[in-house]
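Shown below: final-v8.cif, with mmCIF, C-alpha atoms; chains and numbers go by the auth columns.
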```cif
data_input
#
loop_
_atom_site.group_PDB
_atom_site.id
_atom_site.type_symbol
_atom_site.label_atom_id
_atom_site.label_comp_id
_atom_site.label_asym_id
_atom_site.label_seq_id
_atom_site.Cartn_x
_atom_site.Cartn_y
_atom_site.Cartn_z
_atom_site.B_iso_or_equiv
_atom_site.auth_seq_id
_atom_site.auth_asym_id
ATOM 1 C CA MET A 1 40.792 -39.609 -90.917 0.00 1 A
ATOM 2 C CA ASP A 2 42.865 -38.754 -87.818 0.00 2 A
ATOM 3 C CA LYS A 3 42.062 -35.943 -85.361 0.00 3 A
ATOM 4 C CA LYS A 4 44.790 -33.663 -86.672 0.00 4 A
ATOM 5 C CA THR A 5 43.486 -33.877 -90.251 0.00 5 A
ATOM 6 C CA LYS A 6 39.927 -33.272 -89.045 0.00 6 A
ATOM 7 C CA LYS A 7 41.057 -30.179 -87.132 0.00 7 A
ATOM 8 C CA ILE A 8 42.942 -28.860 -90.151 0.00 8 A
ATOM 9 C CA LEU A 9 39.889 -29.352 -92.375 0.00 9 A
ATOM 10 C CA MET A 10 37.695 -27.683 -89.770 0.00 10 A
ATOM 11 C CA TYR A 11 40.012 -24.647 -89.598 0.00 11 A
ATOM 12 C CA ILE A 12 40.067 -24.414 -93.389 0.00 12 A
ATOM 13 C CA GLY A 13 36.261 -24.533 -93.467 0.00 13 A
ATOM 14 C CA VAL A 14 35.996 -21.853 -90.772 0.00 14 A
ATOM 15 C CA GLY A 15 38.519 -19.715 -92.659 0.00 15 A
ATOM 16 C CA VAL A 16 36.529 -19.963 -95.884 0.00 16 A
ATOM 17 C CA ALA A 17 33.293 -19.106 -94.056 0.00 17 A
ATOM 18 C CA VAL A 18 34.914 -16.103 -92.376 0.00 18 A
ATOM 19 C CA PHE A 19 36.288 -14.907 -95.705 0.00 19 A
ATOM 20 C CA ILE A 20 32.856 -15.181 -97.317 0.00 20 A
ATOM 21 C CA LEU A 21 31.231 -13.327 -94.415 0.00 21 A
ATOM 22 C CA TYR A 22 33.918 -10.648 -94.559 0.00 22 A
ATOM 23 C CA ARG A 23 33.361 -10.182 -98.284 0.00 23 A
ATOM 24 C CA MET A 24 29.634 -9.933 -97.679 0.00 24 A
ATOM 25 C CA MET A 25 30.159 -7.351 -94.934 0.00 25 A
ATOM 26 C CA THR A 26 32.506 -5.171 -96.973 0.00 26 A
ATOM 27 C CA LYS A 27 30.279 -4.999 -100.059 0.00 27 A
ATOM 28 C CA LYS A 28 27.657 -2.295 -100.114 0.00 28 A
ATOM 29 C CA PRO A 29 24.188 -3.819 -99.717 0.00 29 A
ATOM 30 C CA THR A 30 21.981 -3.803 -102.788 0.00 30 A
ATOM 31 C CA SER A 31 18.889 -3.011 -100.750 0.00 31 A
ATOM 32 C CA GLN A 32 18.358 -0.800 -97.741 0.00 32 A
ATOM 33 C CA THR A 33 17.040 -3.564 -95.507 0.00 33 A
ATOM 34 C CA VAL A 34 18.122 -7.093 -94.908 0.00 34 A
ATOM 35 C CA PRO A 35 15.802 -9.335 -92.888 0.00 35 A
ATOM 36 C CA GLN A 36 17.004 -9.837 -89.273 0.00 36 A
ATOM 37 C CA GLU A 37 16.350 -13.574 -89.479 0.00 37 A
ATOM 38 C CA THR A 38 19.088 -14.135 -92.052 0.00 38 A
ATOM 39 C CA GLY A 39 21.842 -12.904 -89.725 0.00 39 A
ATOM 40 C CA THR A 40 23.867 -11.655 -92.696 0.00 40 A
ATOM 41 C CA SER A 41 23.308 -7.911 -92.429 0.00 41 A
ATOM 42 C CA ALA A 42 26.273 -5.988 -91.104 0.00 42 A
ATOM 43 C CA VAL A 43 25.492 -3.953 -88.018 0.00 43 A
ATOM 44 C CA ILE A 44 29.108 -2.968 -87.514 0.00 44 A
ATOM 45 C CA THR A 45 29.847 -1.042 -90.670 0.00 45 A
ATOM 46 C CA PRO A 46 33.164 -0.871 -92.537 0.00 46 A
ATOM 47 C CA PRO A 47 35.255 2.167 -91.501 0.00 47 A
ATOM 48 C CA GLU A 48 34.615 4.104 -94.721 0.00 48 A
ATOM 49 C CA GLU A 49 30.897 4.152 -93.873 0.00 49 A
ATOM 50 C CA GLY A 50 31.210 5.036 -90.196 0.00 50 A
ATOM 51 C CA THR A 51 33.612 6.172 -87.525 0.00 51 A
ATOM 52 C CA PHE A 52 34.106 2.852 -85.728 0.00 52 A
ATOM 53 C CA ASP A 53 36.678 0.518 -87.285 0.00 53 A
ATOM 54 C CA ALA A 54 35.695 -2.813 -85.759 0.00 54 A
ATOM 55 C CA LEU A 55 38.638 -4.770 -87.228 0.00 55 A
ATOM 56 C CA ASP A 56 41.203 -2.324 -85.852 0.00 56 A
ATOM 57 C CA TYR A 57 39.402 -2.268 -82.518 0.00 57 A
ATOM 58 C CA ALA A 58 39.521 -6.075 -82.247 0.00 58 A
ATOM 59 C CA LYS A 59 43.181 -6.217 -83.301 0.00 59 A
ATOM 60 C CA ASN A 60 44.180 -3.507 -80.809 0.00 60 A
ATOM 61 C CA GLN A 61 42.135 -4.876 -77.907 0.00 61 A
ATOM 62 C CA PHE A 62 43.127 -8.527 -78.195 0.00 62 A
ATOM 63 C CA GLY A 63 46.381 -8.527 -80.173 0.00 63 A
ATOM 64 C CA VAL A 64 44.953 -10.760 -82.897 0.00 64 A
ATOM 65 C CA ASP A 65 45.732 -10.955 -86.605 0.00 65 A
ATOM 66 C CA ASP A 66 43.410 -9.913 -89.450 0.00 66 A
ATOM 67 C CA ILE A 67 41.813 -13.351 -89.792 0.00 67 A
ATOM 68 C CA GLN A 68 41.027 -13.642 -86.086 0.00 68 A
ATOM 69 C CA ALA A 69 39.744 -10.037 -86.028 0.00 69 A
ATOM 70 C CA GLU A 70 37.387 -10.880 -88.900 0.00 70 A
ATOM 71 C CA LYS A 71 36.037 -13.866 -86.953 0.00 71 A
ATOM 72 C CA ILE A 72 35.452 -11.642 -83.930 0.00 72 A
ATOM 73 C CA VAL A 73 33.636 -8.969 -85.946 0.00 73 A
ATOM 74 C CA SER A 74 31.546 -11.611 -87.677 0.00 74 A
ATOM 75 C CA LYS A 75 30.466 -13.075 -84.329 0.00 75 A
ATOM 76 C CA ALA A 76 29.804 -9.546 -82.985 0.00 76 A
ATOM 77 C CA ASN A 77 27.490 -8.927 -85.931 0.00 77 A
ATOM 78 C CA VAL A 78 25.589 -12.110 -85.090 0.00 78 A
ATOM 79 C CA ILE A 79 25.050 -10.732 -81.575 0.00 79 A
ATOM 80 C CA LEU A 80 24.000 -7.297 -82.820 0.00 80 A
ATOM 81 C CA ASN A 81 21.608 -8.680 -85.451 0.00 81 A
ATOM 82 C CA GLN A 82 19.565 -10.557 -82.829 0.00 82 A
ATOM 83 C CA THR A 83 18.205 -7.637 -80.826 0.00 83 A
ATOM 84 C CA GLU A 84 15.590 -9.768 -79.048 0.00 84 A
ATOM 85 C CA SER A 85 18.081 -12.403 -77.872 0.00 85 A
ATOM 86 C CA ASP A 86 19.368 -12.779 -74.320 0.00 86 A
ATOM 87 C CA TRP A 87 22.912 -12.417 -75.640 0.00 87 A
ATOM 88 C CA TYR A 88 22.123 -8.993 -77.120 0.00 88 A
ATOM 89 C CA LYS A 89 20.408 -7.885 -73.893 0.00 89 A
ATOM 90 C CA HIS A 90 23.414 -9.082 -71.889 0.00 90 A
ATOM 91 C CA THR A 91 25.682 -7.148 -74.272 0.00 91 A
ATOM 92 C CA GLN A 92 23.625 -3.986 -73.736 0.00 92 A
ATOM 93 C CA LYS A 93 23.846 -4.386 -69.968 0.00 93 A
ATOM 94 C CA ARG A 94 27.594 -5.059 -70.026 0.00 94 A
ATOM 95 C CA ALA A 95 28.162 -2.075 -72.345 0.00 95 A
ATOM 96 C CA GLY A 96 26.625 0.186 -69.697 0.00 96 A
ATOM 97 C CA GLU A 97 28.665 -1.413 -66.911 0.00 97 A
ATOM 98 C CA GLU A 98 31.925 -1.197 -68.865 0.00 98 A
ATOM 99 C CA LYS A 99 31.142 2.276 -70.269 0.00 99 A
ATOM 100 C CA ARG A 100 31.495 1.095 -73.848 0.00 100 A
ATOM 101 C CA GLU A 101 29.383 1.575 -76.937 0.00 101 A
ATOM 102 C CA ILE A 102 27.232 -1.482 -77.741 0.00 102 A
ATOM 103 C CA PRO A 103 29.246 -2.422 -80.893 0.00 103 A
ATOM 104 C CA GLN A 104 32.460 -2.318 -78.843 0.00 104 A
ATOM 105 C CA GLN A 105 30.940 -4.521 -76.165 0.00 105 A
ATOM 106 C CA ALA A 106 29.667 -6.919 -78.823 0.00 106 A
ATOM 107 C CA ILE A 107 33.268 -7.327 -79.955 0.00 107 A
ATOM 108 C CA HIS A 108 34.303 -8.130 -76.377 0.00 108 A
ATOM 109 C CA GLU A 109 31.451 -10.634 -76.070 0.00 109 A
ATOM 110 C CA ALA A 110 32.422 -12.223 -79.385 0.00 110 A
ATOM 111 C CA TRP A 111 36.054 -12.524 -78.291 0.00 111 A
ATOM 112 C CA TRP A 112 34.970 -14.140 -75.021 0.00 112 A
ATOM 113 C CA HIS A 113 32.997 -16.727 -76.977 0.00 113 A
ATOM 114 C CA ILE A 114 35.687 -17.391 -79.594 0.00 114 A
ATOM 115 C CA ASN A 115 38.470 -17.584 -77.001 0.00 115 A
ATOM 116 C CA THR A 116 36.707 -20.251 -74.891 0.00 116 A
ATOM 117 C CA PRO A 117 39.113 -23.076 -75.867 0.00 117 A
ATOM 118 C CA ASN A 118 42.133 -21.021 -74.792 0.00 118 A
ATOM 119 C CA ARG A 119 40.491 -20.081 -71.491 0.00 119 A
ATOM 120 C CA MET A 120 39.682 -23.739 -70.833 0.00 120 A
ATOM 121 C CA LEU A 121 43.259 -24.800 -71.562 0.00 121 A
ATOM 122 C CA GLU A 122 44.649 -22.075 -69.307 0.00 122 A
ATOM 123 C CA TYR A 123 42.248 -23.031 -66.507 0.00 123 A
ATOM 124 C CA VAL A 124 43.262 -26.697 -66.632 0.00 124 A
ATOM 125 C CA GLU A 125 46.977 -25.887 -66.721 0.00 125 A
ATOM 126 C CA ASN A 126 46.676 -23.507 -63.747 0.00 126 A
ATOM 127 C CA GLU A 127 44.224 -25.557 -61.692 0.00 127 A
ATOM 128 C CA TRP A 128 46.077 -28.873 -61.802 0.00 128 A
ATOM 129 C CA GLY A 129 49.574 -27.974 -63.038 0.00 129 A
ATOM 130 C CA LEU A 130 49.248 -30.149 -66.135 0.00 130 A
ATOM 131 C CA ASN A 131 51.250 -29.652 -69.310 0.00 131 A
ATOM 132 C CA GLY A 132 49.630 -28.665 -72.605 0.00 132 A
ATOM 133 C CA GLU A 133 49.129 -32.221 -73.852 0.00 133 A
ATOM 134 C CA GLU A 134 47.608 -33.413 -70.575 0.00 134 A
ATOM 135 C CA SER A 135 45.384 -30.335 -70.437 0.00 135 A
ATOM 136 C CA GLN A 136 44.205 -30.941 -73.987 0.00 136 A
ATOM 137 C CA GLU A 137 43.309 -34.517 -73.036 0.00 137 A
ATOM 138 C CA ILE A 138 41.109 -33.197 -70.212 0.00 138 A
ATOM 139 C CA ILE A 139 39.288 -30.932 -72.697 0.00 139 A
ATOM 140 C CA GLU A 140 38.910 -33.707 -75.270 0.00 140 A
ATOM 141 C CA TYR A 141 37.437 -35.993 -72.601 0.00 141 A
ATOM 142 C CA VAL A 142 34.816 -33.322 -71.890 0.00 142 A
ATOM 143 C CA GLU A 143 33.884 -33.077 -75.578 0.00 143 A
ATOM 144 C CA GLU A 144 34.049 -36.775 -76.462 0.00 144 A
ATOM 145 C CA LYS A 145 32.787 -38.486 -73.302 0.00 145 A
ATOM 146 C CA ILE A 146 30.949 -36.111 -70.995 0.00 146 A
ATOM 147 C CA LYS A 147 29.048 -33.873 -73.431 0.00 147 A
ATOM 148 C CA THR A 148 27.869 -36.886 -75.402 0.00 148 A
ATOM 149 C CA ASN A 149 26.048 -38.248 -72.330 0.00 149 A
ATOM 150 C CA ALA A 150 22.851 -36.265 -71.681 0.00 150 A
ATOM 151 C CA THR A 151 22.432 -37.582 -68.127 0.00 151 A
ATOM 152 C CA TRP A 152 25.991 -36.693 -67.232 0.00 152 A
ATOM 153 C CA VAL A 153 25.577 -33.193 -68.700 0.00 153 A
ATOM 154 C CA SER A 154 22.366 -32.668 -66.725 0.00 154 A
ATOM 155 C CA ASP A 155 24.018 -33.800 -63.469 0.00 155 A
ATOM 156 C CA ILE A 156 27.001 -31.516 -64.030 0.00 156 A
ATOM 157 C CA GLU A 157 24.772 -28.523 -64.839 0.00 157 A
ATOM 158 C CA LYS A 158 22.854 -29.068 -61.571 0.00 158 A
ATOM 159 C CA GLN A 159 26.098 -29.409 -59.613 0.00 159 A
ATOM 160 C CA ALA A 160 27.492 -26.216 -61.179 0.00 160 A
ATOM 161 C CA GLU A 161 24.348 -24.315 -60.203 0.00 161 A
ATOM 162 C CA GLU A 162 24.480 -25.678 -56.634 0.00 162 A
ATOM 163 C CA GLU A 163 28.141 -24.701 -56.266 0.00 163 A
ATOM 164 C CA GLY A 164 27.691 -21.338 -57.974 0.00 164 A
ATOM 165 C CA THR A 165 30.342 -22.005 -60.603 0.00 165 A
ATOM 166 C CA SER A 166 30.331 -22.174 -64.371 0.00 166 A
ATOM 167 C CA THR A 167 29.217 -25.297 -66.188 0.00 167 A
ATOM 168 C CA GLU A 168 32.434 -25.059 -68.215 0.00 168 A
ATOM 169 C CA LYS A 169 34.566 -25.437 -65.058 0.00 169 A
ATOM 170 C CA MET A 170 32.411 -28.280 -63.751 0.00 170 A
ATOM 171 C CA PHE A 171 32.843 -30.178 -67.024 0.00 171 A
ATOM 172 C CA LEU A 172 36.612 -29.813 -66.672 0.00 172 A
ATOM 173 C CA ARG A 173 36.543 -30.906 -63.020 0.00 173 A
ATOM 174 C CA ALA A 174 34.524 -33.996 -63.922 0.00 174 A
ATOM 175 C CA SER A 175 36.956 -34.831 -66.708 0.00 175 A
ATOM 176 C CA HIS A 176 39.939 -34.395 -64.391 0.00 176 A
ATOM 177 C CA TRP A 177 38.239 -36.603 -61.809 0.00 177 A
ATOM 178 C CA GLN A 178 37.666 -39.351 -64.371 0.00 178 A
ATOM 179 C CA LEU A 179 41.215 -39.274 -65.744 0.00 179 A
ATOM 180 C CA TYR A 180 43.137 -38.817 -62.474 0.00 180 A
ATOM 181 C CA LEU A 181 41.158 -39.515 -59.323 0.00 181 A
ATOM 182 C CA THR A 182 38.597 -42.302 -59.711 0.00 182 A
ATOM 183 C CA ASP A 183 39.530 -45.843 -58.713 0.00 183 A
ATOM 184 C CA ASN A 184 39.991 -46.942 -62.315 0.00 184 A
ATOM 185 C CA ALA A 185 41.405 -43.608 -63.594 0.00 185 A
ATOM 186 C CA LYS A 186 43.738 -43.651 -66.558 0.00 186 A
ATOM 187 C CA TYR A 187 46.380 -41.742 -64.593 0.00 187 A
ATOM 188 C CA LYS A 188 45.613 -43.046 -61.096 0.00 188 A
ATOM 189 C CA GLY A 189 48.503 -42.226 -58.815 0.00 189 A
ATOM 190 C CA SER A 190 49.685 -39.179 -60.770 0.00 190 A
ATOM 191 C CA GLU A 191 49.937 -36.275 -58.399 0.00 191 A
ATOM 192 C CA THR A 192 47.309 -33.674 -59.206 0.00 192 A
ATOM 193 C CA ILE A 193 45.195 -31.915 -56.655 0.00 193 A
ATOM 194 C CA GLY A 194 41.493 -31.666 -57.485 0.00 194 A
#
```

Rewrite the structure from the file as structure tokens, please.
Amino acid sequence: MDKKTKKILMYIGVGVAVFILYRMMTKKPTSQTVPQETGTSAVITPPEEGTFDALDYAKNQFGVDDIQAEKIVSKANVILNQTESDWYKHTQKRAGEEKREIPQQAIHEAWWHINTPNRMLEYVENEWGLNGEESQEIIEYVEEKIKTNATWVSDIEKQAEEEGTSTEKMFLRASHWQLYLTDNAKYKGSETIG
């Protein structure tokens, strides 16, 4: 199976999962309490049950369609259902800093997480002036080569901490180095500044 077919199947699977979660969120619960551990209880309620319309908020804030908004709200509910997690505590802190309600901030946190691939692509394109295909190759190298090597990941995490930058950016820099700047680089001699 080629990469394109795998990606299509993955997107279909994600779409089905989001649809199922959405249907679960929009149905009225049969009991008053749902165990926190399951992660399926809806913290952000549908608009007819409360005043905050999470789907509209996500669509208006990020300019996304209904399907993407549903993914964002689903991820926000995961954050809000884990009140003891570091992610929830970070969301609480950021809500205070940004002067938002916690459910609104959870939607922003969810969008940040979901939009990671786009941010990575944009970073690569801006940092090294590469086109979309070249940028995608940098990202794929991170996923297929670097992240599959535990020693390499550990070294990059240490380097990111020492330099005070994100691990995500350090992964991309290492990938760029391997593809463009090392002695046996695939694109040795192509002009990119690292």

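Restricting the calculation to only C-alpha atoms, the smallest distance between Ala110 in chain A and any of A:Trp128, A:Phe62, A:Lys147, A:Glu84 is found for A:Phe62.
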
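Across the structure, CA of Trp112 in chain A and CA of Ser166 in chain A are spaced 14.1 Å apart.
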
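Nearest residue to Gln104 in chain A among A:Leu179, A:Ile8, A:Leu80, A:Phe171 is A:Leu80, counting all atoms listed in the file.
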
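Atom pair CA of Ile146 in chain A / CA of Ser175 in chain A has a distance of 7.5 Å (rounded to one decimal).
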
Q.
Report as a PyMOL selection string all protein, DNA and RNA residues lying within 12 Å of Ile72 in chain A, evaluated on all atoms listed in the file, omitting residues in the same chain fewer than 3 positions from it.
A. chain A and resi 18+21-22+44+54-59+61-69+75-79+103-115

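Closest approach to Trp177 in chain A from the set A:Lys4, A:Tyr141, A:Tyr88, A:Glu162 is made by A:Tyr141, with distances taken over all atoms listed in the file.
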
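Each of A:Glu125, A:Glu70, A:Asp155, A:Glu143 was checked against Asp53 in chain A using all atoms listed in the file; the smallest atom-to-atom distance is that of A:Glu70.
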
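With distances restricted to all atoms listed in the file, A:Phe52 is the closest residue to Ile102 in chain A from A:Phe52, A:Glu137, A:Ala174, A:Glu161.
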